Amino acid sequence: MASVTITNVWKYYGKTVAVKDLNIHCEDGEFVSVLGPSGCGKSSTLRMLAGLEHISAGDIHFGDMRVNELEPKDRDIAMVFENYALYPHKTVYENMANPLRLRGSSEDLIEKRIAFAAEMLEIEHLLQRKPMELSGGQKQRTAIGRAIVREPKLFLFDEPIAHLDAKLRARMRGELKLMQRRLGTTMIYVTHDQLEAMSMADRIAVMHNGVLQQLGTPQEIYNHPVNEWVAGFVGEPPMNFFDCELVEEGGRFVLVHPAFRQMVSEAQSALLRGALRGTSVRMGIRPDQISIGGKSTVESVAGTIKVTEPLGGDTLVNVDLKNAQLLVKTHPDFSGAMGETCHLTFDTGRWHFFASDNGIAYF
Ligand SMILES: Nc1ncnc2c1ncn2[C@@H]1O[C@H](COP(=O)(O)OP(=O)(O)O)[C@@H](O)[C@H]1O
Ligand SMILES: [Mg+2]
């Protein structure tokens with residue numbers, strides 16, 4: 001087992017900068033997910049950890065050992081990719097045995113390790129099959145089994161379940177998390193799917209354009225995004241954003257938008273007072289932090305229901321405001337009809353303000 005420390009790491013491909021000055025420390029036994037959209041530098045980061053890609057600048061340590069120049073085979077890691085790369089002519093058993101055979105392990109040990117991994121992954125009954133006789137999920141389990149039998153000090157997973165169907169993906173999320181917790185092996189898990197990162201990881205490293213945006217627990221990332229980009233990327237359905245002006249009235253701030261005026265609390269006003277640059281801010285509020293009803297109140301904002309989407313467990317309501325639109329997530333019995341006037345109440349304790357120019361969060 002090992003901790004992983006990425007220090008000021010850069011990756012260039014010719015003139016393309018794929019990873020910019022990356023710093024991540026992952027504790028021994030920790031599950032860290034690297035999350036971001038396609039092309040943000042996730043795989044480049046993982047491949048540098050694996051030794052499959054040269055590090056343009058910076059250092060990578062496993063524990064106290066600097067591994068920059070270490071061959072992949074000497075790093076004691078196991079990787080699982082989206083395409084599982086099984087040997088088509090070998091059985092599941094032989095596919096899993098392969099890394100141990102290359103290492104010269106005894107048949108006894110190979111059998112023991114495969115039995116252990118196969119039981120954990122529930123593929124004992126498939127051991128004599130060949131890959132073409134397996135479903136996508138079973139192939140993926142075999143690839144994961146092949147990683148487990150090595151008992152590496154580090155797992156590197158790159159979108160391992162991205163192509164599985166939605167139901168299987170949901171099940172694999174739980175299983176992979178359980179597997180990692182049971183084995184206690186340090187895991188760096190790359191995904192573009194925020195739900196995977198949120199549900200499995202101890203901490204999430206959110207990347208965008210090769211730059212680490214935020215490193216924190218799922219709760220920190222969700223409740224305290226450091227900037228507008230993270231706030232918009234994490235959370236489904238996504239956060240609503242509004243371009244607003246702040247005016248001071250009687251020692252407190254009022255948030256002004258063409259469609260609404262909302263009081264800013266004393267505590268939030270205090271946070272703004274020291275930090276505010278200019279008077280424009282972007283306000284962000286999640287769809288489940290807005291309540292919707294038929295009655296107007298002092299604080300409520302009037303809108304028009306554009307369309308409702310019943311999802312079974314809850315209902316999404318698209319609302320038209322003056323100069324803006326927003327999405328509300330409400331209860332399944334919501335009965336508002338298209339074109340009806342509705343009244344929205346913002347949970348102003350949980351909204352977020354971002355600087356208009358650079359998107360950095362005030363709170
Ligand atoms: N072998 C390569 N040669 C040139 N450019 C590459 C290579 N691999 C990745 N890139 C570029 O580096 C950036 C990051 O890619 P990658 O790390 O694969 O992102 P992700 O895994 O987040 O989708 C992208 O702009 C991609 O086009
Ligand atoms: Mg990738």
# chains A, B, ... in the order shown; residues from 1 in each chain; ligands from 1

call {"tool": "residues_around", "arguments": {"residues": "Arg141 (chain A)", "least_positions_apart": "6", "cutoff": "9 Å", "atoms": "only C-alpha atoms", "output": "list in words"}}
result
Ala118, Leu121, Glu122 and Ile123 of chain A

call {"tool": "write_last_selection", "arguments": {"atoms": "C-alpha atoms", "output": "PDB file, in the first residue's frame"}}
result
ATOM      1  CA  ALA A 118     -13.545 -14.424  -8.327  1.00  0.00           C
ATOM      2  CA  LEU A 121     -16.542 -10.252  -8.069  1.00  0.00           C
ATOM      3  CA  GLU A 122     -19.042 -13.140  -8.288  1.00  0.00           C
ATOM      4  CA  ILE A 123     -17.485 -14.631 -11.412  1.00  0.00           C
TER       5      ILE A 123
END

call {"tool": "closest_atom_pairs", "arguments": {"of": "chain A", "to": "ligand 2", "cutoff": "12 Å", "atoms": "only C-alpha atoms and all ligand atoms", "output": "JSON lines"}}
result
{"residue": "A:Ala18", "atom": "CA", "partner": "ligand 2", "partner_atom_place_in_ligand_line": "1 (Mg)", "distance": 11.1}
{"residue": "A:Val34", "atom": "CA", "partner": "ligand 2", "partner_atom_place_in_ligand_line": "1 (Mg)", "distance": 10.4}
{"residue": "A:Leu35", "atom": "CA", "partner": "ligand 2", "partner_atom_place_in_ligand_line": "1 (Mg)", "distance": 10.2}
{"residue": "A:Gly36", "atom": "CA", "partner": "ligand 2", "partner_atom_place_in_ligand_line": "1 (Mg)", "distance": 9.5}
{"residue": "A:Pro37", "atom": "CA", "partner": "ligand 2", "partner_atom_place_in_ligand_line": "1 (Mg)", "distance": 8.9}
{"residue": "A:Ser38", "atom": "CA", "partner": "ligand 2", "partner_atom_place_in_ligand_line": "1 (Mg)", "distance": 6.4}
{"residue": "A:Gly39", "atom": "CA", "partner": "ligand 2", "partner_atom_place_in_ligand_line": "1 (Mg)", "distance": 6.8}
{"residue": "A:Cys40", "atom": "CA", "partner": "ligand 2", "partner_atom_place_in_ligand_line": "1 (Mg)", "distance": 8.2}
{"residue": "A:Gly41", "atom": "CA", "partner": "ligand 2", "partner_atom_place_in_ligand_line": "1 (Mg)", "distance": 7.1}
{"residue": "A:Lys42", "atom": "CA", "partner": "ligand 2", "partner_atom_place_in_ligand_line": "1 (Mg)", "distance": 5.6}
{"residue": "A:Ser43", "atom": "CA", "partner": "ligand 2", "partner_atom_place_in_ligand_line": "1 (Mg)", "distance": 4.1}
{"residue": "A:Ser44", "atom": "CA", "partner": "ligand 2", "partner_atom_place_in_ligand_line": "1 (Mg)", "distance": 7.3}
{"residue": "A:Thr45", "atom": "CA", "partner": "ligand 2", "partner_atom_place_in_ligand_line": "1 (Mg)", "distance": 9.2}
{"residue": "A:Leu46", "atom": "CA", "partner": "ligand 2", "partner_atom_place_in_ligand_line": "1 (Mg)", "distance": 8.8}
{"residue": "A:Arg47", "atom": "CA", "partner": "ligand 2", "partner_atom_place_in_ligand_line": "1 (Mg)", "distance": 9.6}
{"residue": "A:Phe81", "atom": "CA", "partner": "ligand 2", "partner_atom_place_in_ligand_line": "1 (Mg)", "distance": 9.3}
{"residue": "A:Glu82", "atom": "CA", "partner": "ligand 2", "partner_atom_place_in_ligand_line": "1 (Mg)", "distance": 9.0}
{"residue": "A:Asn83", "atom": "CA", "partner": "ligand 2", "partner_atom_place_in_ligand_line": "1 (Mg)", "distance": 11.4}
{"residue": "A:Phe157", "atom": "CA", "partner": "ligand 2", "partner_atom_place_in_ligand_line": "1 (Mg)", "distance": 10.4}
{"residue": "A:Asp158", "atom": "CA", "partner": "ligand 2", "partner_atom_place_in_ligand_line": "1 (Mg)", "distance": 6.8}
{"residue": "A:Glu159", "atom": "CA", "partner": "ligand 2", "partner_atom_place_in_ligand_line": "1 (Mg)", "distance": 7.3}
{"residue": "A:Pro160", "atom": "CA", "partner": "ligand 2", "partner_atom_place_in_ligand_line": "1 (Mg)", "distance": 10.5}
{"residue": "A:Ala162", "atom": "CA", "partner": "ligand 2", "partner_atom_place_in_ligand_line": "1 (Mg)", "distance": 10.6}
{"residue": "A:Tyr189", "atom": "CA", "partner": "ligand 2", "partner_atom_place_in_ligand_line": "1 (Mg)", "distance": 11.0}
{"residue": "A:Val190", "atom": "CA", "partner": "ligand 2", "partner_atom_place_in_ligand_line": "1 (Mg)", "distance": 7.6}
{"residue": "A:Thr191", "atom": "CA", "partner": "ligand 2", "partner_atom_place_in_ligand_line": "1 (Mg)", "distance": 7.8}
{"residue": "A:His192", "atom": "CA", "partner": "ligand 2", "partner_atom_place_in_ligand_line": "1 (Mg)", "distance": 8.3}
{"residue": "A:Asp193", "atom": "CA", "partner": "ligand 2", "partner_atom_place_in_ligand_line": "1 (Mg)", "distance": 11.7}
{"residue": "A:Met207", "atom": "CA", "partner": "ligand 2", "partner_atom_place_in_ligand_line": "1 (Mg)", "distance": 11.9}
{"residue": "A:Gly210", "atom": "CA", "partner": "ligand 2", "partner_atom_place_in_ligand_line": "1 (Mg)", "distance": 11.9}

call {"tool": "write_last_selection", "arguments": {"atoms": "N, CA and C atoms", "output": "mmCIF file, in the first residue's frame"}}
result
data_model
loop_
_atom_site.group_PDB
_atom_site.id
_atom_site.type_symbol
_atom_site.label_atom_id
_atom_site.label_comp_id
_atom_site.auth_asym_id
_atom_site.auth_seq_id
_atom_site.Cartn_x
_atom_site.Cartn_y
_atom_site.Cartn_z
ATOM 1 N N ALA A 18 -1.530 19.433 -21.605
ATOM 2 C CA ALA A 18 -2.623 18.571 -21.156
ATOM 3 C C ALA A 18 -2.837 18.664 -19.653
ATOM 4 N N VAL A 34 -10.509 11.379 -9.938
ATOM 5 C CA VAL A 34 -10.160 12.530 -10.766
ATOM 6 C C VAL A 34 -11.332 12.734 -11.722
ATOM 7 N N LEU A 35 -12.016 13.866 -11.553
ATOM 8 C CA LEU A 35 -13.276 14.110 -12.261
ATOM 9 C C LEU A 35 -13.151 15.319 -13.175
ATOM 10 N N GLY A 36 -13.663 15.192 -14.392
ATOM 11 C CA GLY A 36 -13.683 16.342 -15.295
ATOM 12 C C GLY A 36 -14.175 15.912 -16.658
ATOM 13 N N PRO A 37 -14.479 16.873 -17.528
ATOM 14 C CA PRO A 37 -15.000 16.536 -18.848
ATOM 15 C C PRO A 37 -13.915 15.950 -19.737
ATOM 16 N N SER A 38 -14.329 15.416 -20.853
ATOM 17 C CA SER A 38 -13.405 14.825 -21.805
ATOM 18 C C SER A 38 -12.336 15.844 -22.214
ATOM 19 N N GLY A 39 -11.081 15.414 -22.238
ATOM 20 C CA GLY A 39 -9.997 16.275 -22.693
ATOM 21 C C GLY A 39 -9.383 17.143 -21.610
ATOM 22 N N CYS A 40 -9.796 16.971 -20.341
ATOM 23 C CA CYS A 40 -9.289 17.869 -19.292
ATOM 24 C C CYS A 40 -7.957 17.394 -18.708
ATOM 25 N N GLY A 41 -7.466 16.230 -19.139
ATOM 26 C CA GLY A 41 -6.157 15.782 -18.673
ATOM 27 C C GLY A 41 -6.176 14.630 -17.686
ATOM 28 N N LYS A 42 -7.326 13.983 -17.532
ATOM 29 C CA LYS A 42 -7.454 12.891 -16.561
ATOM 30 C C LYS A 42 -6.577 11.696 -16.930
ATOM 31 N N SER A 43 -6.731 11.226 -18.186
ATOM 32 C CA SER A 43 -5.974 10.030 -18.588
ATOM 33 C C SER A 43 -4.483 10.316 -18.625
ATOM 34 N N SER A 44 -4.118 11.518 -19.052
ATOM 35 C CA SER A 44 -2.696 11.876 -19.059
ATOM 36 C C SER A 44 -2.134 11.764 -17.648
ATOM 37 N N THR A 45 -2.889 12.243 -16.669
ATOM 38 C CA THR A 45 -2.458 12.171 -15.271
ATOM 39 C C THR A 45 -2.283 10.723 -14.839
ATOM 40 N N LEU A 46 -3.279 9.900 -15.164
ATOM 41 C CA LEU A 46 -3.225 8.502 -14.756
ATOM 42 C C LEU A 46 -2.067 7.774 -15.433
ATOM 43 N N ARG A 47 -1.862 8.077 -16.709
ATOM 44 C CA ARG A 47 -0.800 7.399 -17.457
ATOM 45 C C ARG A 47 0.596 7.813 -16.957
ATOM 46 N N PHE A 81 -8.765 -0.201 -17.607
ATOM 47 C CA PHE A 81 -9.212 0.813 -18.569
ATOM 48 C C PHE A 81 -10.666 0.572 -18.942
ATOM 49 N N GLU A 82 -11.202 1.542 -19.680
ATOM 50 C CA GLU A 82 -12.557 1.383 -20.202
ATOM 51 C C GLU A 82 -12.608 0.183 -21.150
ATOM 52 N N ASN A 83 -11.608 0.084 -22.048
ATOM 53 C CA ASN A 83 -11.554 -1.130 -22.885
ATOM 54 C C ASN A 83 -10.673 -2.124 -22.147
ATOM 55 N N PHE A 157 -7.641 3.295 -12.111
ATOM 56 C CA PHE A 157 -8.798 2.935 -12.931
ATOM 57 C C PHE A 157 -9.169 4.123 -13.824
ATOM 58 N N ASP A 158 -9.282 3.859 -15.126
ATOM 59 C CA ASP A 158 -9.618 4.934 -16.074
ATOM 60 C C ASP A 158 -10.977 4.661 -16.715
ATOM 61 N N GLU A 159 -12.006 5.314 -16.213
ATOM 62 C CA GLU A 159 -13.381 5.163 -16.708
ATOM 63 C C GLU A 159 -13.752 3.694 -16.900
ATOM 64 N N PRO A 160 -13.560 2.863 -15.881
ATOM 65 C CA PRO A 160 -13.686 1.418 -16.092
ATOM 66 C C PRO A 160 -15.107 0.962 -16.386
ATOM 67 N N ALA A 162 -17.538 3.089 -17.865
ATOM 68 C CA ALA A 162 -18.203 4.137 -18.652
ATOM 69 C C ALA A 162 -19.128 3.586 -19.734
ATOM 70 N N TYR A 189 -9.120 6.961 -9.367
ATOM 71 C CA TYR A 189 -10.193 6.536 -10.249
ATOM 72 C C TYR A 189 -10.626 7.713 -11.121
ATOM 73 N N VAL A 190 -10.397 7.581 -12.415
ATOM 74 C CA VAL A 190 -10.715 8.656 -13.358
ATOM 75 C C VAL A 190 -12.119 8.484 -13.923
ATOM 76 N N THR A 191 -12.884 9.551 -13.933
ATOM 77 C CA THR A 191 -14.217 9.489 -14.545
ATOM 78 C C THR A 191 -14.675 10.878 -14.995
ATOM 79 N N HIS A 192 -15.567 10.899 -15.994
ATOM 80 C CA HIS A 192 -16.182 12.170 -16.386
ATOM 81 C C HIS A 192 -17.570 12.272 -15.754
ATOM 82 N N ASP A 193 -17.956 11.213 -15.018
ATOM 83 C CA ASP A 193 -19.318 11.107 -14.499
ATOM 84 C C ASP A 193 -19.341 11.531 -13.034
ATOM 85 N N MET A 207 -10.997 18.503 -12.313
ATOM 86 C CA MET A 207 -10.083 19.117 -13.282
ATOM 87 C C MET A 207 -10.857 19.752 -14.423
ATOM 88 N N GLY A 210 -6.955 20.959 -17.930
ATOM 89 C CA GLY A 210 -5.626 20.613 -17.430
ATOM 90 C C GLY A 210 -5.287 21.195 -16.072
#

call {"tool": "atom_distance", "arguments": {"atom1": "CA of Asn240 (chain A)", "atom2": "CA of Gly284 (chain A)"}}
result
5.4 Å

call {"tool": "atom_distance", "arguments": {"atom1": "CA of Arg173 (chain A)", "atom2": "CA of Leu134 (chain A)"}}
result
19.8 Å

call {"tool": "atom_distance", "arguments": {"atom1": "CA of Pro287 (chain A)", "atom2": "CA of Glu249 (chain A)"}}
result
28.2 Å

call {"tool": "select_by_dssp", "arguments": {"residues": "region 114-327 of chain A", "states": "helix (DSSP H, G or I)", "output": "VMD selection string"}}
result
chain A and resid 114 to 121 124 to 126 131 to 133 136 to 149 166 to 183 194 to 200 218 to 223 228 to 233 266 to 275 287 to 289

call {"tool": "residues_around", "arguments": {"residues": "Thr308 (chain A)", "least_positions_apart": "2", "cutoff": "12 Å", "atoms": "only C-alpha atoms", "output": "short mmCIF file (atom, residue, chain, number, x, y, z; two decimals) with N, CA and C atoms, in the first residue's frame"}}
result
data_model
loop_
_atom_site.label_atom_id
_atom_site.label_comp_id
_atom_site.auth_asym_id
_atom_site.auth_seq_id
_atom_site.Cartn_x
_atom_site.Cartn_y
_atom_site.Cartn_z
N THR A 304 -43.44 31.85 -14.66
CA THR A 304 -44.44 31.12 -15.44
C THR A 304 -43.94 29.72 -15.71
N ILE A 305 -44.77 28.74 -15.45
CA ILE A 305 -44.36 27.35 -15.69
C ILE A 305 -44.26 27.11 -17.19
N LYS A 306 -43.07 26.69 -17.63
CA LYS A 306 -42.87 26.44 -19.05
C LYS A 306 -43.19 24.98 -19.37
N PRO A 310 -42.18 15.01 -14.94
CA PRO A 310 -42.30 14.09 -13.81
C PRO A 310 -41.30 12.95 -13.96
N LEU A 311 -40.48 12.72 -12.91
CA LEU A 311 -39.44 11.69 -13.01
C LEU A 311 -39.73 10.50 -12.11
N ASP A 314 -39.36 12.49 -8.20
CA ASP A 314 -39.56 13.93 -8.08
C ASP A 314 -39.92 14.52 -9.44
N THR A 315 -40.18 15.82 -9.45
CA THR A 315 -40.61 16.48 -10.68
C THR A 315 -39.68 17.65 -10.97
N LEU A 316 -39.24 17.77 -12.21
CA LEU A 316 -38.48 18.95 -12.62
C LEU A 316 -39.43 19.94 -13.26
N VAL A 317 -39.32 21.19 -12.86
CA VAL A 317 -40.17 22.22 -13.42
C VAL A 317 -39.30 23.30 -14.05
N ASN A 318 -39.49 23.54 -15.34
CA ASN A 318 -38.80 24.63 -16.03
C ASN A 318 -39.67 25.87 -15.90
N VAL A 319 -39.07 26.93 -15.36
CA VAL A 319 -39.84 28.14 -15.10
C VAL A 319 -39.23 29.31 -15.87
N ASP A 320 -40.09 30.08 -16.51
CA ASP A 320 -39.66 31.32 -17.18
C ASP A 320 -39.78 32.47 -16.20
N LEU A 326 -35.24 29.11 -15.11
CA LEU A 326 -34.61 28.29 -14.08
C LEU A 326 -35.29 26.95 -13.99
N LEU A 327 -34.58 26.05 -13.30
CA LEU A 327 -35.07 24.69 -13.13
C LEU A 327 -35.28 24.46 -11.64
N VAL A 328 -36.45 23.91 -11.30
CA VAL A 328 -36.76 23.59 -9.91
C VAL A 328 -36.99 22.09 -9.81
N LYS A 329 -36.46 21.50 -8.73
CA LYS A 329 -36.75 20.08 -8.48
C LYS A 329 -37.70 20.01 -7.30
N THR A 330 -38.87 19.44 -7.52
CA THR A 330 -39.87 19.44 -6.46
C THR A 330 -40.49 18.05 -6.31
N HIS A 331 -41.52 17.96 -5.46
CA HIS A 331 -42.11 16.66 -5.12
C HIS A 331 -42.89 16.06 -6.30
N PRO A 332 -43.12 14.74 -6.26
CA PRO A 332 -43.74 14.06 -7.41
C PRO A 332 -45.19 14.44 -7.64
N ASP A 333 -45.85 15.02 -6.61
CA ASP A 333 -47.28 15.34 -6.77
C ASP A 333 -47.50 16.75 -7.29
N PHE A 334 -46.43 17.42 -7.66
CA PHE A 334 -46.57 18.80 -8.13
C PHE A 334 -47.55 18.85 -9.30
N SER A 335 -48.49 19.80 -9.22
CA SER A 335 -49.60 19.75 -10.18
C SER A 335 -49.72 20.99 -11.06
N GLY A 336 -48.72 21.88 -10.99
CA GLY A 336 -48.80 23.10 -11.81
C GLY A 336 -48.87 22.78 -13.29
N ALA A 337 -49.64 23.56 -14.03
CA ALA A 337 -49.79 23.30 -15.47
C ALA A 337 -48.99 24.31 -16.27
N MET A 338 -48.67 23.94 -17.48
CA MET A 338 -47.94 24.82 -18.40
C MET A 338 -48.64 26.18 -18.54
N GLY A 339 -47.88 27.24 -18.46
CA GLY A 339 -48.45 28.57 -18.66
C GLY A 339 -48.99 29.19 -17.38
N GLU A 340 -49.08 28.40 -16.31
CA GLU A 340 -49.59 28.92 -15.03
C GLU A 340 -48.54 29.78 -14.34
#

call {"tool": "closest_residue", "arguments": {"among": "A:Gly294, A:Pro218, A:Gly251, A:Gly145", "to": "Ala267 (chain A)", "atoms": "only C-alpha atoms"}}
result
A:Gly251
